[in-house]
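Worksheet: the structure to be examined is printed underneath.
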Amino acid sequence: MKQTTISDLKNHVGETVTLKGWLYNSRHSGKLVFLIMRDGTGLCQCVVFIKNVSQEEFESAKSLTQESSFSVTGTVKAEPRSVGGYELDVQKMELVQLAHEYPITPKEHGIEFLADRRHLWIRSQRQWAVLKIRHEIIKSVRNFFDSRGFTLFDAPIFTPNSVEGTTTLFETPYFDEGSAYLTQSGQLYGEAGAMAFGKIYVFGPTFRAEKSKTRRHLTEFWMVEPEMAYYDLDMNMDLMEEFVEYIVQQVLTNRRAELEILERDISKLEAVKRPFPRISYDEAVEIIHKKGLPFEYGNDFGAPDETAIGEDFDKPVMVHTWPKEVKAFYMKQDEKDPTKAKGVDMLASEGYGEIIGGAQREDNLDLLLEKIREHQLPEEAYNWYLDLRRYGSVPHAGFGMGIERTVSWICGIHHVRETIPFARLMGRLKP
Ligand code: 4AD
Ligand code: MG
């Protein structure tokens with residue numbers, strides 16, 4: 001018998017095939033049992049008619065519990081009214097394991113109850129759809145850079161110094177060297193890579209001991225960080241918008257069914273086309289003030305401020321040229337206004353807030369040293385990084401996009417905890 005998957009049924013209409021999976025849902029009425037099977041690729045209604053199977057098989061079908069594992073053999077039929085558009089007329093059914101009482105039932109459960117059972121929750125339709133879209137996003141990230149001459153460049157996870165401030169470091173003992181810190185960003189290593197390969201991207205897990213319980217903060221998240229030699233701030237922004245447009249359009253093309261499961265407003269995603277608006281920090285502050293929010297010039301934006309800025313546009317917006325005090329030590333000082341740094345954040349549309357942070361980097365050795373001292377960072381730990389400004393320093397730029405925040409925006413879901421298989425948050429280390 002030909003074994004296939006639910007996602008491939010469209011190629012087997014009229015044929016007899018075998019499906020292997022788990023029971024998602026079922027109902028029966030007299031001589032018919034309707035088994036909704038899930039096999040990891042989709043859902044399919046399998047119709048068991050009493051006259052087409054043995055007495056034993058019919059009883060077994062009737063008594064299947066939620067998430068029991070089983071296989072079925074039958075004829076594939078196109079059925080537009082059925083979930084997934086196809087049905088199986090069952091001729092043979094085999095039980096693999098009768099599941100114990102499954103804790104996640106079709107009724108509503110609280111979020112903590114579900115999060116404690118994340119290892120099972122990922123079998124649910126919505127969670128499944130989100131993680132399929134996550135995969136699509138990661139695939140398109142790789143595709144984008146691989147097809148544009150970028151080299152994948154892996155940065156270490158154990159590091160001797162901070163990148164994004166010293167308040168969110170996870171510290172761990174490291175033999176005779178004392179302490180190591182889990183990386184907050186691979187950027188500094190990425191800069192070394194850009195000087196060796198021209199254009200690189202770092203892609204891996206990053207860690208922040210964020211003591212904030214918000215819908216946007218994980219302690220462990222994935223970040224993709226391209227870094228390009230001979231790039232300035234404008235070229236960086238050109239790349240950012242081309243990149244984000246590409247990802248969104250790939251998801252629209254390849255994961256439409258999953259977006260529909262999530263009831264995502266597709267027209268909002270279709271609007272994500274270049275060019276994206278570019279405004280300076282000063283212009284962003286004007287927008288916030290016009291809306292009457294109590295924002296003090298010179299601060300970083302909070303979530304409500306980002307929402308206020310984002311609301312004015314139907315596309316992601318790039319906010320550039322920031323007061324240097326708000327931003328990291330490595331950002332290039334603006335030649336026109338030395339109080340400003342050449343940073344850029346991309347705020348997603350629909351009020352989702354920051355998904356990308358980036359900058360043109362300080363390429364002047366003396367100015368960079370000054371910044372390291374200003375930020376009271378241990379000079380010794382950055383000595384290797386300063387070498388990049390000693391030996392053939394060039395203008396260069398890059399950015400980092402958080403995968404989970406991007407998934408949350410594209411899927412239209414509220415909290416980042418549903419955008420990664422096993423979320424790590426303040427207050428959650430299990431399962
Ligand atoms: O703005 P951030 O801190 O920038 C950097 O780390 C730079 N070194 C990147 C670079 O230029 N190579 O972080 C970049 C992005 C944010 O815009 C956000 O999407 C995500 O990483 N991010 C988080 N996502 C989830 N939970 C957290 N705690 C996050 N912190 C940052
Ligand atoms: Mg940032």
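Letters for chains follow the order of the structure tokens (A, B, ...), residue numbers begin at 1 for each chain, and ligand numbers begin at 1 in the order shown.
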Open item on the list: Which residues are near ligand 2 - at most 10 Å, using only C-alpha atoms and all ligand atoms? Format: as a list in words.
Closed with: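 Selection of residues at most 10 Å from ligand 2: Glu164, Asp300, Phe301, Val326, Lys327, Ala328, Gly343, Val344, Asp345, Met346, Glu354, Ile355, Ile356, Gly357, Gly358, Phe399, Gly400, Met401 and Gly402 of chain A.
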- [ ] Could you report the residues within 8 Å of ligand 1, using only C-alpha atoms and all ligand atoms, as a PyMOL selection string?
- [x] chain A and resi 163-164+184-188+190+207-210+216-227+345-346+354-359+397-406+416
Save the residues we just selected, N, CA and C atoms, as a CSV table (one decimal), in the first residue's frame?
chain,number,residue,atom,x,y,z
A,163,VAL,N,27.8,43.0,24.7
A,163,VAL,CA,27.6,43.8,23.4
A,163,VAL,C,26.5,44.9,23.7
A,164,GLU,N,25.4,44.5,24.3
A,164,GLU,CA,24.3,45.4,24.5
A,164,GLU,C,24.1,45.7,25.9
A,184,GLN,N,24.8,38.2,24.0
A,184,GLN,CA,23.6,39.0,23.8
A,184,GLN,C,23.3,39.2,22.3
A,185,SER,N,24.4,39.0,21.5
A,185,SER,CA,24.4,39.4,20.1
A,185,SER,C,25.7,39.0,19.5
A,186,GLY,N,25.7,38.4,18.3
A,186,GLY,CA,26.9,38.0,17.7
A,186,GLY,C,27.6,39.1,16.9
A,187,GLN,N,27.1,40.3,17.0
A,187,GLN,CA,27.5,41.4,16.2
A,187,GLN,C,29.0,41.7,16.1
A,188,LEU,N,29.7,41.8,17.3
A,188,LEU,CA,31.1,42.1,17.3
A,188,LEU,C,31.9,41.1,16.5
A,190,GLY,N,30.6,39.3,14.2
A,190,GLY,CA,30.1,39.5,12.8
A,190,GLY,C,31.0,40.6,12.1
A,207,PHE,N,21.0,35.6,24.2
A,207,PHE,CA,20.4,35.5,25.6
A,207,PHE,C,20.4,36.9,26.3
A,208,ARG,N,19.4,37.2,26.9
A,208,ARG,CA,19.3,38.4,27.7
A,208,ARG,C,18.6,38.2,29.0
A,209,ALA,N,19.2,38.5,30.1
A,209,ALA,CA,18.6,38.4,31.4
A,209,ALA,C,17.7,39.5,31.6
A,210,GLU,N,16.6,39.5,30.8
A,210,GLU,CA,15.6,40.6,30.9
A,210,GLU,C,14.7,40.4,32.1
A,216,ARG,N,6.9,40.9,24.7
A,216,ARG,CA,8.0,41.0,23.7
A,216,ARG,C,9.3,40.5,24.2
A,217,HIS,N,9.4,40.1,25.4
A,217,HIS,CA,10.8,39.7,25.9
A,217,HIS,C,10.9,38.3,26.3
A,218,LEU,N,11.9,37.6,25.6
A,218,LEU,CA,12.3,36.3,26.0
A,218,LEU,C,13.7,36.4,26.6
A,219,THR,N,14.1,35.4,27.4
A,219,THR,CA,15.5,35.4,27.9
A,219,THR,C,16.4,34.7,26.9
A,220,GLU,N,15.8,33.8,26.0
A,220,GLU,CA,16.6,33.2,25.0
A,220,GLU,C,15.8,33.4,23.7
A,221,PHE,N,16.4,34.0,22.7
A,221,PHE,CA,15.7,34.2,21.4
A,221,PHE,C,16.7,34.1,20.3
A,222,TRP,N,16.2,34.0,19.1
A,222,TRP,CA,17.0,33.8,17.9
A,222,TRP,C,17.1,35.1,17.2
A,223,MET,N,18.4,35.4,16.8
A,223,MET,CA,18.6,36.7,16.0
A,223,MET,C,19.4,36.4,14.8
A,224,VAL,N,19.0,37.1,13.7
A,224,VAL,CA,19.9,37.0,12.5
A,224,VAL,C,20.5,38.4,12.3
A,225,GLU,N,21.8,38.4,12.1
A,225,GLU,CA,22.6,39.6,12.1
A,225,GLU,C,23.5,39.7,10.9
A,226,PRO,N,23.1,40.4,9.9
A,226,PRO,CA,24.0,40.6,8.7
A,226,PRO,C,24.9,41.7,9.1
A,227,GLU,N,26.1,41.7,8.5
A,227,GLU,CA,27.1,42.7,8.7
A,227,GLU,C,27.9,42.9,7.4
A,345,ASP,N,16.3,51.7,14.0
A,345,ASP,CA,15.4,50.6,14.5
A,345,ASP,C,14.3,50.5,13.5
A,346,MET,N,13.8,49.3,13.2
A,346,MET,CA,12.6,49.1,12.4
A,346,MET,C,11.5,48.7,13.3
A,354,GLU,N,9.4,47.3,17.8
A,354,GLU,CA,10.7,47.1,17.2
A,354,GLU,C,10.9,45.6,16.9
A,355,ILE,N,11.3,45.4,15.6
A,355,ILE,CA,11.7,44.0,15.3
A,355,ILE,C,13.2,44.0,14.9
A,356,ILE,N,13.7,45.1,14.5
A,356,ILE,CA,15.1,45.2,14.1
A,356,ILE,C,15.8,46.4,14.8
A,357,GLY,N,17.1,46.1,15.2
A,357,GLY,CA,17.9,47.2,15.7
A,357,GLY,C,19.2,47.1,14.9
A,358,GLY,N,19.7,48.2,14.4
A,358,GLY,CA,21.0,48.2,13.6
A,358,GLY,C,21.7,49.5,13.7
A,359,ALA,N,22.8,49.6,12.9
A,359,ALA,CA,23.5,50.8,12.9
A,359,ALA,C,24.7,50.8,11.9
A,397,ALA,N,28.3,48.5,8.3
A,397,ALA,CA,27.0,48.6,9.0
A,397,ALA,C,26.4,47.2,9.1
A,398,GLY,N,25.4,47.1,9.9
A,398,GLY,CA,24.7,45.8,10.0
A,398,GLY,C,23.4,46.0,10.9
A,399,PHE,N,22.7,44.9,11.0
A,399,PHE,CA,21.5,45.0,11.9
A,399,PHE,C,21.2,43.6,12.5
A,400,GLY,N,20.3,43.6,13.4
A,400,GLY,CA,19.9,42.3,14.0
A,400,GLY,C,18.4,42.2,14.0
A,401,MET,N,17.8,41.2,13.5
A,401,MET,CA,16.3,41.0,13.5
A,401,MET,C,16.0,39.8,14.5
A,402,GLY,N,15.1,40.1,15.4
A,402,GLY,CA,14.7,39.1,16.3
A,402,GLY,C,13.6,38.2,15.6
A,403,ILE,N,13.9,36.9,15.6
A,403,ILE,CA,13.0,36.0,14.9
A,403,ILE,C,11.6,36.0,15.6
A,404,GLU,N,11.6,35.9,16.9
A,404,GLU,CA,10.3,35.7,17.6
A,404,GLU,C,9.4,36.9,17.4
A,405,ARG,N,10.0,38.1,17.5
A,405,ARG,CA,9.1,39.3,17.4
A,405,ARG,C,8.6,39.4,15.9
A,406,THR,N,9.4,38.9,15.0
A,406,THR,CA,9.0,38.9,13.6
A,406,THR,C,7.9,37.9,13.4
A,416,VAL,N,5.2,36.7,22.4
A,416,VAL,CA,6.3,36.0,21.8
A,416,VAL,C,6.4,34.5,22.3
Open item on the list: Quick check, in Å to one decimal: how far apart do atom CA of A:Ile413 and atom CA of A:Ile6 lie?
Closed with: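 A separation of 26.2 Å between them.
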TODO: Using only C-alpha atoms, determine which residues lie at most 12 Å from A:Thr166, disregarding the query and same-chain residues fewer than 3 positions distant; provide the list as a PyMOL selection string.
DONE: chain A and resi 160-163+169-171+181-184+208-210+328-329+375-378
- [ ] Extract the full set of alpha helix (DSSP H) residues from stretch 210-311 of chain A according to DSSP on the backbone, and format it as an MDAnalysis selection string.
- [x] chainID A and resid 233:254 256:261 266:270 281:290 303:311
Open item on the list: Which residues are near stretch 77-84 of chain A? Cut-off 12 Å, only C-alpha atoms, ignore same chain within fewer than 5 positions. Put them as a VMD selection string.
Closed with: chain A and resid 6 to 17 24 to 25 34 to 38 41 to 47 89 to 90 125 257 to 258 260 to 261
If you keep C-alpha atoms, can you produce a file of those selected residues as a PDB file, in the first residue's frame?
ATOM      1  CA  ILE A   6      -2.102  14.492   4.398  1.00  0.00           C
ATOM      2  CA  SER A   7      -0.408  17.440   2.698  1.00  0.00           C
ATOM      3  CA  ASP A   8       0.152  15.246  -0.368  1.00  0.00           C
ATOM      4  CA  LEU A   9      -3.411  13.869  -0.706  1.00  0.00           C
ATOM      5  CA  LYS A  10      -4.086  16.283  -3.580  1.00  0.00           C
ATOM      6  CA  ASN A  11      -1.806  14.139  -5.721  1.00  0.00           C
ATOM      7  CA  HIS A  12      -3.635  10.888  -4.923  1.00  0.00           C
ATOM      8  CA  VAL A  13      -7.324  11.511  -5.592  1.00  0.00           C
ATOM      9  CA  GLY A  14      -9.041   8.221  -6.490  1.00  0.00           C
ATOM     10  CA  GLU A  15      -6.106   6.133  -5.256  1.00  0.00           C
ATOM     11  CA  THR A  16      -5.858   3.892  -2.213  1.00  0.00           C
ATOM     12  CA  VAL A  17      -3.277   5.149   0.271  1.00  0.00           C
ATOM     13  CA  TYR A  24      -7.294  15.057  16.547  1.00  0.00           C
ATOM     14  CA  ASN A  25     -11.038  14.774  16.995  1.00  0.00           C
ATOM     15  CA  PHE A  34     -15.636  10.283  11.494  1.00  0.00           C
ATOM     16  CA  LEU A  35     -12.007  10.365  12.571  1.00  0.00           C
ATOM     17  CA  ILE A  36     -10.089  13.610  12.113  1.00  0.00           C
ATOM     18  CA  MET A  37      -6.498  12.505  11.772  1.00  0.00           C
ATOM     19  CA  ARG A  38      -3.500  14.804  12.102  1.00  0.00           C
ATOM     20  CA  THR A  41       1.356  17.895   7.766  1.00  0.00           C
ATOM     21  CA  GLY A  42      -2.344  18.673   8.110  1.00  0.00           C
ATOM     22  CA  LEU A  43      -5.779  17.379   9.083  1.00  0.00           C
ATOM     23  CA  CYS A  44      -7.932  14.857   7.215  1.00  0.00           C
ATOM     24  CA  GLN A  45     -11.374  13.444   7.910  1.00  0.00           C
ATOM     25  CA  CYS A  46     -11.292   9.639   7.670  1.00  0.00           C
ATOM     26  CA  VAL A  47     -14.749   8.151   7.219  1.00  0.00           C
ATOM     27  CA  ASP A  89     -12.943   6.358   2.744  1.00  0.00           C
ATOM     28  CA  VAL A  90     -11.462   3.890   5.173  1.00  0.00           C
ATOM     29  CA  GLN A 125      -3.702  23.643  15.168  1.00  0.00           C
ATOM     30  CA  ALA A 257      -3.177  28.080   4.713  1.00  0.00           C
ATOM     31  CA  GLU A 258      -1.397  28.567   8.033  1.00  0.00           C
ATOM     32  CA  GLU A 260      -5.802  31.416   7.461  1.00  0.00           C
ATOM     33  CA  ILE A 261      -5.785  29.051  10.458  1.00  0.00           C
TER      34      ILE A 261
END
- [ ] Go through A:Glu311, A:Asp176, A:Glu325, A:Asp334 and flag the residue nearest A:Gly298, using only C-alpha atoms for the distances.
- [x]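 For A:Gly298, the nearest of the candidates is A:Glu325.
Near stretch 267-281 of chain A, within a cut-off of 7 Å and counting only C-alpha atoms, sit the residues Glu241, Glu242, Glu245, Val248, Val285, Asp314, Lys315, Pro316, Val317, Met318, Val319, His320, Thr321 and Trp322 of chain A, with same-chain residues fewer than 4 positions away left out.
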Task: Test item: residues at most 12 Å from stretch 417-430 of chain A, only C-alpha atoms, excluding those fewer than 5 positions along its chain, as JSON, numbers by chain - done: {"A": [111, 112, 113, 114, 115, 116, 117, 118, 119, 120, 121, 122, 123, 124, 126, 127, 128, 129, 130, 131, 132, 133, 134, 135, 137, 138, 168, 205, 206, 207, 208, 209, 210, 211, 212, 213, 214, 215, 216, 217, 218, 219, 220, 221, 222, 402, 403, 404, 405, 406, 407, 408, 409, 410, 411, 412]}
Task: Residues near A:Gln91, cut-off 9 Å, only C-alpha atoms, skip fewer than 2 positions along chain, as a list in words - done: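 The filter keeps Val48, Phe49, Asn52, Val53, Ser54, Val72, Thr73, Gly74, Thr75, Asp89 and Met93 of chain A.
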Could you write out that same residue set with N, CA, C and O atoms as a PDB file, in the first residue's frame?
ATOM      1  N   VAL A  48     -15.186   6.115   8.472  1.00  0.00           N
ATOM      2  CA  VAL A  48     -15.236   4.668   8.674  1.00  0.00           C
ATOM      3  C   VAL A  48     -16.701   4.238   8.608  1.00  0.00           C
ATOM      4  O   VAL A  48     -17.501   4.580   9.482  1.00  0.00           O
ATOM      5  N   PHE A  49     -17.042   3.495   7.544  1.00  0.00           N
ATOM      6  CA  PHE A  49     -18.412   3.009   7.363  1.00  0.00           C
ATOM      7  C   PHE A  49     -18.430   1.553   7.800  1.00  0.00           C
ATOM      8  O   PHE A  49     -17.569   0.764   7.390  1.00  0.00           O
ATOM      9  N   ASN A  52     -17.614  -1.281   5.478  1.00  0.00           N
ATOM     10  CA  ASN A  52     -16.340  -1.326   4.748  1.00  0.00           C
ATOM     11  C   ASN A  52     -15.185  -1.895   5.561  1.00  0.00           C
ATOM     12  O   ASN A  52     -14.098  -2.092   5.028  1.00  0.00           O
ATOM     13  N   VAL A  53     -15.423  -2.110   6.870  1.00  0.00           N
ATOM     14  CA  VAL A  53     -14.339  -2.613   7.732  1.00  0.00           C
ATOM     15  C   VAL A  53     -14.857  -3.794   8.565  1.00  0.00           C
ATOM     16  O   VAL A  53     -16.064  -4.059   8.590  1.00  0.00           O
ATOM     17  N   SER A  54     -13.933  -4.459   9.258  1.00  0.00           N
ATOM     18  CA  SER A  54     -14.360  -5.565  10.120  1.00  0.00           C
ATOM     19  C   SER A  54     -15.065  -5.003  11.359  1.00  0.00           C
ATOM     20  O   SER A  54     -14.900  -3.823  11.704  1.00  0.00           O
ATOM     21  N   VAL A  72      -4.504   4.374   8.874  1.00  0.00           N
ATOM     22  CA  VAL A  72      -5.694   4.032   8.079  1.00  0.00           C
ATOM     23  C   VAL A  72      -5.307   3.865   6.621  1.00  0.00           C
ATOM     24  O   VAL A  72      -4.415   4.554   6.121  1.00  0.00           O
ATOM     25  N   THR A  73      -6.010   2.944   5.962  1.00  0.00           N
ATOM     26  CA  THR A  73      -5.853   2.775   4.528  1.00  0.00           C
ATOM     27  C   THR A  73      -7.224   2.980   3.899  1.00  0.00           C
ATOM     28  O   THR A  73      -8.228   2.483   4.426  1.00  0.00           O
ATOM     29  N   GLY A  74      -7.253   3.739   2.813  1.00  0.00           N
ATOM     30  CA  GLY A  74      -8.541   3.993   2.175  1.00  0.00           C
ATOM     31  C   GLY A  74      -8.388   4.762   0.876  1.00  0.00           C
ATOM     32  O   GLY A  74      -7.272   5.077   0.444  1.00  0.00           O
ATOM     33  N   THR A  75      -9.533   5.086   0.281  1.00  0.00           N
ATOM     34  CA  THR A  75      -9.550   5.782  -0.999  1.00  0.00           C
ATOM     35  C   THR A  75      -9.666   7.289  -0.779  1.00  0.00           C
ATOM     36  O   THR A  75     -10.481   7.746   0.031  1.00  0.00           O
ATOM     37  N   ASP A  89     -11.948   7.402   2.497  1.00  0.00           N
ATOM     38  CA  ASP A  89     -12.943   6.358   2.744  1.00  0.00           C
ATOM     39  C   ASP A  89     -12.198   5.130   3.243  1.00  0.00           C
ATOM     40  O   ASP A  89     -11.544   4.434   2.469  1.00  0.00           O
ATOM     41  N   MET A  93      -8.109  -0.140   9.282  1.00  0.00           N
ATOM     42  CA  MET A  93      -7.619   0.745  10.337  1.00  0.00           C
ATOM     43  C   MET A  93      -6.803  -0.049  11.328  1.00  0.00           C
ATOM     44  O   MET A  93      -7.153  -1.162  11.673  1.00  0.00           O
TER      45      MET A  93
END
